[in-house]
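Engineer: A single structure is presented below for examination.
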Amino acid sequence: MKKLFILVGVLLIAASTTTAQDLDLNQVLDKFYKANGIEKLQNVKSVIMTGNITTWVIMPIKIYKVRPNKFRQEKDNADITGLTVYDGQSGWFTAPWSKNPNPQVIPETNLVDLKILADFDGLFYNWKEKGYNLELVGLEKLGDSDVYRIKVTRSDNIVEYYLIDSKTFLIQKKVGIRNIRGKDYKVDFTFSDYRSVDGIMFPFDIMNNSEGQASSAETQYETIELNLPVDDSLFVMPTK
Amino acid sequence: MRLKKIFALSMLFALFTGSIVAQEVLQFRGENRTGIYKESNLLKSWPANGPSLLWECEGIGNGYGSPAITSKNIFIEGEIDTVNYLFSLDLTGKILWKTRIGKEWVVNYPGVRTTPTIVNDLVYITTGWGIVACVEATTGKVKWSLDMMKDFHAKQITFGFSESVLIEDNKLYISPGSKDTNIVALDRFSGKVIWISKGLGEKTAYCSPLLIKLPQRNILVTFSAHALLGIDTKDGKLLWSHKQESEGDVHVNTPYYENGYIYYMTGDGNGTVKLKLSDDGSSITQVWRNKKSDNTFGAFIKVNDYLYTSGYEKRQYYAVNANNGEITDSVKFDRGSIIEADNLLYLYNERGQVGLFNPNGPKLEQISTFKVTKGTKAHYSHPVICNGIMYIRHGKSLLAYNIKNN
């Protein structure tokens, strides 16, 4: 009887330690997809997100995403709306507060971040086909939570780490180092206030504490709407 | 003969009453620019969705300037296609006319920054590029105008001219901020120069000045880039200045005067300051400074022994003890502007929330709140309350809320 009790105890301890640690990358990703509602996302054609970015000022922001990879961000700077757009093949932006108020093409070499933002199903989904490399680094503590650290090597060889909660399988953080003009800056995004929109999980709060910016930047979405009509002309680069 | 006597008597009477009835100036933040509106019987709390919206006037152009309201009309400025227009509305929000004034600021935060100043039948306005105009209130006809950049060598400032002009009797004051033509008194009927003050020769600092009336002299109090200035309004003589402690050159808030003390509030590390003004107004002494209370353009309200305002670095509202400068309460309501009416505070923050608060001495107590959902762009304007109606300008829209306690 005593032996049986010890055996059960050992098994229980073993089981509890393996639940988090014994998952491989594919298992973590499977759980991530399920937790985030990727199946439901497959049926979504468009997402429109509206909110504010708070730095030392409040900048209204509106994002349009259209499957499979169109993206448009309208963001106010000094109360003037600037655009950052990816039409599925190329990117362009406007910065009317600058000396050049006309639309400008984003060079191909600077497009990877925008392509990731435009990727309707997210960076992890079909990652091999997209030219990324993913590795499960391991399990670690983030505050009181256990999180999986996934190393992502992008097509431009920039490395980023995603920390995924071992219970909710929602992304908690994105960290890394970004070299800008010869200087390394820490990248630090925290994702929180996850809410379900038609069964798909979205972080309504994204805190950017990355180095190299004047202050932290907190993006807070007020509304996220799915499958609303989005005019294709929004992605076409105007001549003026 | 008898008729002649009656006429002479009535003329004398008219002159006499004319000299004792104070000239009513309708202006930025109300009487004396205090932000305190003499209203009564207003709602003591609001329904969950806020007070009822009486009307919305769309199409007044871009801007952050508040309306000035007479018994018959509402005057407000707006920017349309880089041009400043003065709009006259009736009290139901219908646009009666608009008058083209001149070039408006669109370099950053595009739109009008100022509130019209009205004396009797004349309206005075300033554009972000420094055009000053006098307009007939009934017709919209421009009586005179000048260009501070051309006429007084004003220097362009980062966020555009933001001074709502101050008027004292027949004089109108403007702050071009050039080295030799720093502050100018004009004849408000003709636009002609009465005096020019060199001040400290610094650039202007966005401030809508305060007028202090003392038995010995009247003093114009305003900011230039790095100092608070006290200027004798008789001749433009610089009486005193109070140097700022940091490099910041944005000092938007109108100072406040009461019982021999001047209070001012500004950001960029300068904070809130209390100054003792000598009895004859010729000198000042600093009483205290609190750098944490650093409102930059939302103004402040003094009720009894406390100042109420929002911070800038920290997005919260404060109660500040006016006797010693200590912050006695902090309330998380983002940051923004503040006015007072009927013993309650009205807060309008940069997230578009309007709050009704009780200024309970050292405590700032929230009563009700609602969100402005109409209008465009940033929420930077100062609310106005007139005859039980709260007016809020949000970009291209002017909104009128019924806050009467019926």
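Just remember, in the structure tokens the first chain shown is A, the second B, etc., residues are 1-based per chain, and ligands are 1-based in the order shown.
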Counting only C-alpha atoms, which residues of chain B fall within 8 Å of chain A, and what is the closest atom pair for each with its distance in Å at one decimal, ordered by chain and rising number, as JSON lines?
Structural biologist:
```
{"residue": "B:Val107", "atom": "CA", "partner": "A:Trp97", "partner_atom": "CA", "distance": 6.6}
{"residue": "B:Asn108", "atom": "CA", "partner": "A:Ala78", "partner_atom": "CA", "distance": 5.3}
{"residue": "B:Tyr109", "atom": "CA", "partner": "A:Asp79", "partner_atom": "CA", "distance": 4.8}
{"residue": "B:Pro110", "atom": "CA", "partner": "A:Asp79", "partner_atom": "CA", "distance": 6.9}
{"residue": "B:Glu313", "atom": "CA", "partner": "A:Trp56", "partner_atom": "CA", "distance": 7.3}
{"residue": "B:Glu350", "atom": "CA", "partner": "A:Ile58", "partner_atom": "CA", "distance": 7.2}
{"residue": "B:Arg351", "atom": "CA", "partner": "A:Ile58", "partner_atom": "CA", "distance": 7.7}
{"residue": "B:Lys377", "atom": "CA", "partner": "A:Asp79", "partner_atom": "CA", "distance": 6.3}
{"residue": "B:Ala378", "atom": "CA", "partner": "A:Asp79", "partner_atom": "CA", "distance": 6.3}
```
Engineer: Report as a VMD selection string all protein, DNA and RNA residues lying within 8 Å of region 230-238 of chain A, evaluated on only C-alpha atoms, omitting residues in the same chain fewer than 3 positions from it.
Structural biologist: chain A and resid 46 64 66 70 to 72 85 to 87 92 103
Engineer: Atoms to include: N, CA and C atoms. Write the selected residues as an mmCIF file, in the first residue's frame.
Structural biologist:
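See again_28.cif below for the written result:
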```
data_model
loop_
_atom_site.group_PDB
_atom_site.id
_atom_site.type_symbol
_atom_site.label_atom_id
_atom_site.label_comp_id
_atom_site.auth_asym_id
_atom_site.auth_seq_id
_atom_site.Cartn_x
_atom_site.Cartn_y
_atom_site.Cartn_z
ATOM 1 N N SER A 46 -11.409 40.299 -43.368
ATOM 2 C CA SER A 46 -10.823 41.615 -43.038
ATOM 3 C C SER A 46 -10.885 41.872 -41.538
ATOM 4 N N TYR A 64 -6.234 48.587 -41.064
ATOM 5 C CA TYR A 64 -7.055 47.728 -41.916
ATOM 6 C C TYR A 64 -6.179 46.555 -42.348
ATOM 7 N N VAL A 66 -6.487 43.009 -44.750
ATOM 8 C CA VAL A 66 -7.335 42.238 -45.667
ATOM 9 C C VAL A 66 -6.575 40.982 -46.076
ATOM 10 N N LYS A 70 -2.831 42.262 -47.105
ATOM 11 C CA LYS A 70 -2.888 43.713 -47.314
ATOM 12 C C LYS A 70 -3.007 44.398 -45.955
ATOM 13 N N PHE A 71 -2.331 45.545 -45.843
ATOM 14 C CA PHE A 71 -2.252 46.224 -44.550
ATOM 15 C C PHE A 71 -2.236 47.727 -44.763
ATOM 16 N N ARG A 72 -2.995 48.420 -43.954
ATOM 17 C CA ARG A 72 -2.962 49.893 -43.990
ATOM 18 C C ARG A 72 -3.073 50.412 -42.564
ATOM 19 N N VAL A 85 1.428 51.548 -45.659
ATOM 20 C CA VAL A 85 0.573 50.623 -46.408
ATOM 21 C C VAL A 85 1.414 49.537 -47.075
ATOM 22 N N TYR A 86 0.894 48.307 -47.052
ATOM 23 C CA TYR A 86 1.462 47.211 -47.835
ATOM 24 C C TYR A 86 0.320 46.653 -48.678
ATOM 25 N N ASP A 87 0.524 46.654 -49.978
ATOM 26 C CA ASP A 87 -0.581 46.260 -50.871
ATOM 27 C C ASP A 87 -0.537 44.784 -51.246
ATOM 28 N N TRP A 92 4.342 51.453 -49.127
ATOM 29 C CA TRP A 92 4.521 52.893 -49.267
ATOM 30 C C TRP A 92 4.039 53.585 -47.996
ATOM 31 N N PRO A 103 3.451 60.682 -51.106
ATOM 32 C CA PRO A 103 3.639 59.253 -50.801
ATOM 33 C C PRO A 103 5.024 58.791 -51.252
#
```
Engineer: Show which residues sit within 10 Å of Asp24 (chain A), as a PDB file with N, CA, C and O atoms, in the first residue's frame. Count only C-alpha atoms, and ignore same-chain residues fewer than 2 positions away.
Structural biologist:
```pdb
ATOM      1  N   ALA A  20       4.341  21.038 -18.926  1.00  0.00           N
ATOM      2  CA  ALA A  20       4.858  22.220 -19.586  1.00  0.00           C
ATOM      3  C   ALA A  20       6.096  21.922 -20.417  1.00  0.00           C
ATOM      4  O   ALA A  20       6.201  22.344 -21.551  1.00  0.00           O
ATOM      5  N   GLN A  21       6.998  21.136 -19.859  1.00  0.00           N
ATOM      6  CA  GLN A  21       8.305  21.006 -20.490  1.00  0.00           C
ATOM      7  C   GLN A  21       8.344  20.063 -21.690  1.00  0.00           C
ATOM      8  O   GLN A  21       9.158  20.255 -22.582  1.00  0.00           O
ATOM      9  N   ASP A  22       7.495  19.075 -21.692  1.00  0.00           N
ATOM     10  CA  ASP A  22       7.677  18.036 -22.698  1.00  0.00           C
ATOM     11  C   ASP A  22       7.073  18.355 -24.055  1.00  0.00           C
ATOM     12  O   ASP A  22       7.111  17.527 -24.957  1.00  0.00           O
ATOM     13  N   ASN A  26       6.135  21.965 -32.348  1.00  0.00           N
ATOM     14  CA  ASN A  26       4.865  21.792 -33.053  1.00  0.00           C
ATOM     15  C   ASN A  26       3.681  21.711 -32.096  1.00  0.00           C
ATOM     16  O   ASN A  26       2.600  22.235 -32.388  1.00  0.00           O
ATOM     17  N   GLN A  27       3.921  21.069 -30.949  1.00  0.00           N
ATOM     18  CA  GLN A  27       2.833  20.968 -29.966  1.00  0.00           C
ATOM     19  C   GLN A  27       2.501  22.348 -29.380  1.00  0.00           C
ATOM     20  O   GLN A  27       1.334  22.679 -29.194  1.00  0.00           O
ATOM     21  N   VAL A  28       3.542  23.123 -29.112  1.00  0.00           N
ATOM     22  CA  VAL A  28       3.305  24.483 -28.598  1.00  0.00           C
ATOM     23  C   VAL A  28       2.527  25.299 -29.635  1.00  0.00           C
ATOM     24  O   VAL A  28       1.540  25.975 -29.317  1.00  0.00           O
ATOM     25  N   LEU A  29       2.952  25.173 -30.886  1.00  0.00           N
ATOM     26  CA  LEU A  29       2.272  25.949 -31.931  1.00  0.00           C
ATOM     27  C   LEU A  29       0.832  25.483 -32.130  1.00  0.00           C
ATOM     28  O   LEU A  29      -0.071  26.309 -32.338  1.00  0.00           O
ATOM     29  N   ASP A  30       0.630  24.163 -32.048  1.00  0.00           N
ATOM     30  CA  ASP A  30      -0.745  23.658 -32.178  1.00  0.00           C
ATOM     31  C   ASP A  30      -1.646  24.252 -31.101  1.00  0.00           C
ATOM     32  O   ASP A  30      -2.781  24.666 -31.363  1.00  0.00           O
ATOM     33  N   GLU A 135      12.590  27.967 -33.439  1.00  0.00           N
ATOM     34  CA  GLU A 135      13.144  26.985 -32.499  1.00  0.00           C
ATOM     35  C   GLU A 135      12.500  27.208 -31.144  1.00  0.00           C
ATOM     36  O   GLU A 135      12.327  28.363 -30.732  1.00  0.00           O
ATOM     37  N   LEU A 136      12.180  26.099 -30.472  1.00  0.00           N
ATOM     38  CA  LEU A 136      11.706  26.210 -29.100  1.00  0.00           C
ATOM     39  C   LEU A 136      12.926  26.232 -28.193  1.00  0.00           C
ATOM     40  O   LEU A 136      13.648  25.236 -28.084  1.00  0.00           O
ATOM     41  N   VAL A 137      13.157  27.344 -27.545  1.00  0.00           N
ATOM     42  CA  VAL A 137      14.342  27.476 -26.685  1.00  0.00           C
ATOM     43  C   VAL A 137      14.121  26.770 -25.365  1.00  0.00           C
ATOM     44  O   VAL A 137      15.003  26.078 -24.849  1.00  0.00           O
ATOM     45  N   GLY A 138      12.933  26.887 -24.807  1.00  0.00           N
ATOM     46  CA  GLY A 138      12.651  26.223 -23.539  1.00  0.00           C
ATOM     47  C   GLY A 138      11.578  26.944 -22.767  1.00  0.00           C
ATOM     48  O   GLY A 138      10.892  27.829 -23.289  1.00  0.00           O
TER      49      GLY A 138
END
```
Engineer: Could you pull out the helix (DSSP H, G or I) residues of region 84-251 of chain B, going by DSSP on the backbone, and write them as a PyMOL selection string?
Structural biologist: chain B and resi 148-151
Engineer: Just the selected residues (C-alpha atoms), exported as a PDB file, in the first residue's frame, please.
Structural biologist:
```
ATOM      1  CA  MET B 148       2.680  90.304 -37.026  1.00  0.00           C
ATOM      2  CA  MET B 149       5.351  88.637 -39.145  1.00  0.00           C
ATOM      3  CA  LYS B 150       5.435  91.389 -41.755  1.00  0.00           C
ATOM      4  CA  ASP B 151       4.493  94.393 -39.662  1.00  0.00           C
TER       5      ASP B 151
END
```
Engineer: Compile the contact shell of region 159-161 of chain A as an mmCIF file with all heavy atoms, in the first residue's frame: residues with an atom at most 7 Å away, counting only C-alpha atoms, same-chain residues fewer than 6 positions apart removed.
Structural biologist:
```cif
data_model
loop_
_atom_site.group_PDB
_atom_site.id
_atom_site.type_symbol
_atom_site.label_atom_id
_atom_site.label_comp_id
_atom_site.auth_asym_id
_atom_site.auth_seq_id
_atom_site.Cartn_x
_atom_site.Cartn_y
_atom_site.Cartn_z
ATOM 1 N N ARG A 149 9.729 30.027 -24.615
ATOM 2 C CA ARG A 149 10.495 31.002 -25.402
ATOM 3 C C ARG A 149 10.725 30.409 -26.786
ATOM 4 O O ARG A 149 11.354 29.349 -26.931
ATOM 5 C CB ARG A 149 11.826 31.314 -24.726
ATOM 6 C CG ARG A 149 12.715 32.267 -25.535
ATOM 7 C CD ARG A 149 14.002 32.574 -24.804
ATOM 8 N NE ARG A 149 13.803 33.545 -23.745
ATOM 9 C CZ ARG A 149 14.096 34.843 -23.829
ATOM 10 N NH1 ARG A 149 14.605 35.337 -24.951
ATOM 11 N NH2 ARG A 149 13.897 35.644 -22.820
ATOM 12 N N ILE A 150 10.216 31.063 -27.788
ATOM 13 C CA ILE A 150 10.396 30.614 -29.173
ATOM 14 C C ILE A 150 11.294 31.610 -29.899
ATOM 15 O O ILE A 150 11.023 32.815 -29.909
ATOM 16 C CB ILE A 150 9.044 30.484 -29.894
ATOM 17 C CG1 ILE A 150 8.240 29.350 -29.236
ATOM 18 C CG2 ILE A 150 9.230 30.207 -31.380
ATOM 19 C CD1 ILE A 150 6.886 29.122 -29.853
ATOM 20 N N LYS A 151 12.363 31.055 -30.476
ATOM 21 C CA LYS A 151 13.291 31.897 -31.222
ATOM 22 C C LYS A 151 12.853 31.937 -32.687
ATOM 23 O O LYS A 151 12.663 30.886 -33.315
ATOM 24 C CB LYS A 151 14.705 31.315 -31.112
ATOM 25 C CG LYS A 151 15.767 32.096 -31.873
ATOM 26 C CD LYS A 151 17.127 31.404 -31.753
ATOM 27 C CE LYS A 151 18.187 32.132 -32.572
ATOM 28 N NZ LYS A 151 19.484 31.409 -32.536
ATOM 29 N N VAL A 152 12.694 33.125 -33.196
ATOM 30 C CA VAL A 152 12.295 33.297 -34.598
ATOM 31 C C VAL A 152 13.438 33.972 -35.348
ATOM 32 O O VAL A 152 13.870 35.063 -34.974
ATOM 33 C CB VAL A 152 11.031 34.172 -34.714
ATOM 34 C CG1 VAL A 152 10.680 34.420 -36.169
ATOM 35 C CG2 VAL A 152 9.869 33.521 -33.994
ATOM 36 N N THR A 153 13.943 33.297 -36.352
ATOM 37 C CA THR A 153 14.928 33.934 -37.228
ATOM 38 C C THR A 153 14.209 34.305 -38.517
ATOM 39 O O THR A 153 13.681 33.447 -39.230
ATOM 40 C CB THR A 153 16.104 32.996 -37.531
ATOM 41 O OG1 THR A 153 16.628 32.504 -36.293
ATOM 42 C CG2 THR A 153 17.199 33.724 -38.293
ATOM 43 N N LYS A 174 7.286 39.974 -26.866
ATOM 44 C CA LYS A 174 8.229 39.824 -27.973
ATOM 45 C C LYS A 174 9.464 40.630 -27.595
ATOM 46 O O LYS A 174 9.348 41.822 -27.267
ATOM 47 C CB LYS A 174 7.630 40.358 -29.274
ATOM 48 C CG LYS A 174 8.556 40.190 -30.466
ATOM 49 C CD LYS A 174 7.892 40.652 -31.745
ATOM 50 C CE LYS A 174 8.138 42.114 -32.012
ATOM 51 N NZ LYS A 174 7.764 42.538 -33.365
ATOM 52 N N VAL A 175 10.623 39.970 -27.594
ATOM 53 C CA VAL A 175 11.862 40.669 -27.218
ATOM 54 C C VAL A 175 12.942 40.366 -28.244
ATOM 55 O O VAL A 175 12.826 39.404 -29.024
ATOM 56 C CB VAL A 175 12.350 40.258 -25.805
ATOM 57 C CG1 VAL A 175 11.371 40.698 -24.740
ATOM 58 C CG2 VAL A 175 12.575 38.761 -25.723
ATOM 59 N N GLY A 176 13.976 41.166 -28.228
ATOM 60 C CA GLY A 176 15.088 40.933 -29.142
ATOM 61 C C GLY A 176 16.024 42.113 -29.158
ATOM 62 O O GLY A 176 15.910 43.035 -28.339
#
```
Engineer: One number please: CA of Ser241 (chain B) to CA of Ala227 (chain B), in Å, one decimal.
Structural biologist: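 CA of Ser241 (chain B) sits 6.1 Å away from CA of Ala227 (chain B).
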Engineer: Please extract the residues of region 28-75 of chain A with a backbone DSSP assignment of strand (DSSP E) and present them as a CSV table (one decimal) with N, CA and C atoms, in the first residue's frame.
Structural biologist:
```csv
chain,number,residue,atom,x,y,z
A,46,SER,N,-11.4,40.3,-43.4
A,46,SER,CA,-10.8,41.6,-43.0
A,46,SER,C,-10.9,41.9,-41.5
A,47,VAL,N,-9.9,42.7,-41.1
A,47,VAL,CA,-9.9,43.1,-39.7
A,47,VAL,C,-9.7,44.6,-39.7
A,48,ILE,N,-10.5,45.3,-38.9
A,48,ILE,CA,-10.3,46.8,-38.7
A,48,ILE,C,-10.2,47.1,-37.3
A,49,MET,N,-9.0,47.6,-36.9
A,49,MET,CA,-8.7,47.9,-35.5
A,49,MET,C,-8.6,49.4,-35.3
A,50,THR,N,-9.3,49.9,-34.3
A,50,THR,CA,-9.3,51.3,-34.0
A,50,THR,C,-8.9,51.6,-32.5
A,51,GLY,N,-8.0,52.6,-32.3
A,51,GLY,CA,-7.6,52.9,-31.0
A,51,GLY,C,-6.6,54.0,-30.9
A,52,ASN,N,-5.8,54.0,-29.9
A,52,ASN,CA,-4.8,55.1,-29.7
A,52,ASN,C,-3.5,54.6,-29.3
A,53,ILE,N,-2.5,55.3,-29.7
A,53,ILE,CA,-1.1,55.0,-29.2
A,53,ILE,C,-0.8,56.2,-28.2
A,54,THR,N,-0.4,55.8,-27.0
A,54,THR,CA,-0.1,56.8,-26.0
A,54,THR,C,1.4,56.9,-25.8
A,58,ILE,N,-1.2,61.5,-27.4
A,58,ILE,CA,-2.1,60.5,-27.8
A,58,ILE,C,-2.2,60.5,-29.3
A,59,MET,N,-1.9,59.4,-29.9
A,59,MET,CA,-2.0,59.4,-31.4
A,59,MET,C,-3.1,58.4,-31.8
A,60,PRO,N,-4.2,58.8,-32.4
A,60,PRO,CA,-5.2,57.9,-32.9
A,60,PRO,C,-4.6,57.0,-33.9
A,61,ILE,N,-5.1,55.7,-34.0
A,61,ILE,CA,-4.6,54.8,-34.9
A,61,ILE,C,-5.7,53.9,-35.5
A,62,LYS,N,-5.7,53.6,-36.8
A,62,LYS,CA,-6.7,52.8,-37.4
A,62,LYS,C,-5.9,51.8,-38.3
A,63,ILE,N,-6.2,50.5,-38.2
A,63,ILE,CA,-5.5,49.5,-39.0
A,63,ILE,C,-6.5,48.7,-39.8
A,64,TYR,N,-6.2,48.6,-41.1
A,64,TYR,CA,-7.1,47.7,-41.9
A,64,TYR,C,-6.2,46.6,-42.3
A,65,LYS,N,-6.7,45.3,-42.2
A,65,LYS,CA,-6.0,44.2,-42.7
A,65,LYS,C,-7.0,43.4,-43.6
A,66,VAL,N,-6.5,43.0,-44.7
A,66,VAL,CA,-7.3,42.2,-45.7
A,66,VAL,C,-6.6,41.0,-46.1
A,70,LYS,N,-2.8,42.3,-47.1
A,70,LYS,CA,-2.9,43.7,-47.3
A,70,LYS,C,-3.0,44.4,-46.0
A,71,PHE,N,-2.3,45.5,-45.8
A,71,PHE,CA,-2.3,46.2,-44.5
A,71,PHE,C,-2.2,47.7,-44.8
A,72,ARG,N,-3.0,48.4,-44.0
A,72,ARG,CA,-3.0,49.9,-44.0
A,72,ARG,C,-3.1,50.4,-42.6
A,73,GLN,N,-2.1,51.2,-42.2
A,73,GLN,CA,-2.1,51.9,-40.9
A,73,GLN,C,-2.3,53.4,-41.0
A,74,GLU,N,-3.3,53.9,-40.4
A,74,GLU,CA,-3.5,55.4,-40.3
A,74,GLU,C,-3.1,55.8,-38.9
A,75,LYS,N,-2.1,56.6,-38.8
A,75,LYS,CA,-1.7,57.1,-37.5
A,75,LYS,C,-1.4,58.6,-37.5
```
Engineer: Looking at only C-alpha atoms, which of B:Asn49, B:Ser224, B:Thr82, B:Ser330 is the one that sits closest to Gly61 (chain B)?
Structural biologist: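 Under the stated criterion, the closest residue is B:Thr82.
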Engineer: Could you name the residues that touch Gly375 (chain B) at 7 Å or less, counting only C-alpha atoms, but leaving out those on the same chain fewer than 4 positions away, as a list in words?
Structural biologist: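 My reading of the contact set: His394, Gly395, Lys396 and Ser397 of chain B.
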Engineer: The selected residues should be written to file as a CSV table (one decimal), in the first residue's frame (atoms: N, CA, C and O atoms).
Structural biologist:
```csv
chain,number,residue,atom,x,y,z
B,394,HIS,N,-14.7,70.1,-30.8
B,394,HIS,CA,-13.8,68.9,-31.1
B,394,HIS,C,-13.5,69.0,-32.6
B,394,HIS,O,-14.4,68.5,-33.4
B,395,GLY,N,-12.4,69.6,-32.9
B,395,GLY,CA,-12.0,69.7,-34.3
B,395,GLY,C,-13.1,70.5,-35.1
B,395,GLY,O,-13.4,71.6,-34.8
B,396,LYS,N,-13.6,69.8,-36.1
B,396,LYS,CA,-14.6,70.5,-37.0
B,396,LYS,C,-16.0,70.6,-36.5
B,396,LYS,O,-16.9,71.2,-37.1
B,397,SER,N,-16.2,70.1,-35.3
B,397,SER,CA,-17.5,70.2,-34.7
B,397,SER,C,-17.6,71.0,-33.4
B,397,SER,O,-16.7,71.0,-32.6
```
Engineer: My list of candidates is B:Ser246, B:Ser208, B:Ser368, B:Thr126. Which is closest to His226 (chain B) when distances are computed with only C-alpha atoms?
Structural biologist: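 That would be B:Ser246, the residue with the smallest distance to His226 (chain B).
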Engineer: One decimal, in Å: what's the spacing between CA of Glu136 (chain B) and CA of Arg33 (chain B)?
Structural biologist: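 Calculated distance between CA of Glu136 (chain B) and CA of Arg33 (chain B) is 22.6 Å.
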Engineer: Tell me which protein, DNA and RNA residues are within 7 Å of Gly311 (chain B), counting only C-alpha atoms, leaving out same-chain ones fewer than 5 positions away, and put them as a list of chain:residue names.
Structural biologist: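 With the cut-off at 7 Å, the set is B:Ser293, B:Asp294, B:Asn295, B:Gln316, B:Tyr317, B:Tyr318, B:Arg335.
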Engineer: What is the distance between CA of Met207 (chain A) and CA of Leu117 (chain A), in Å to one decimal?
Structural biologist: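 About the pair CA of Met207 (chain A) and CA of Leu117 (chain A): they are 16.1 Å apart.
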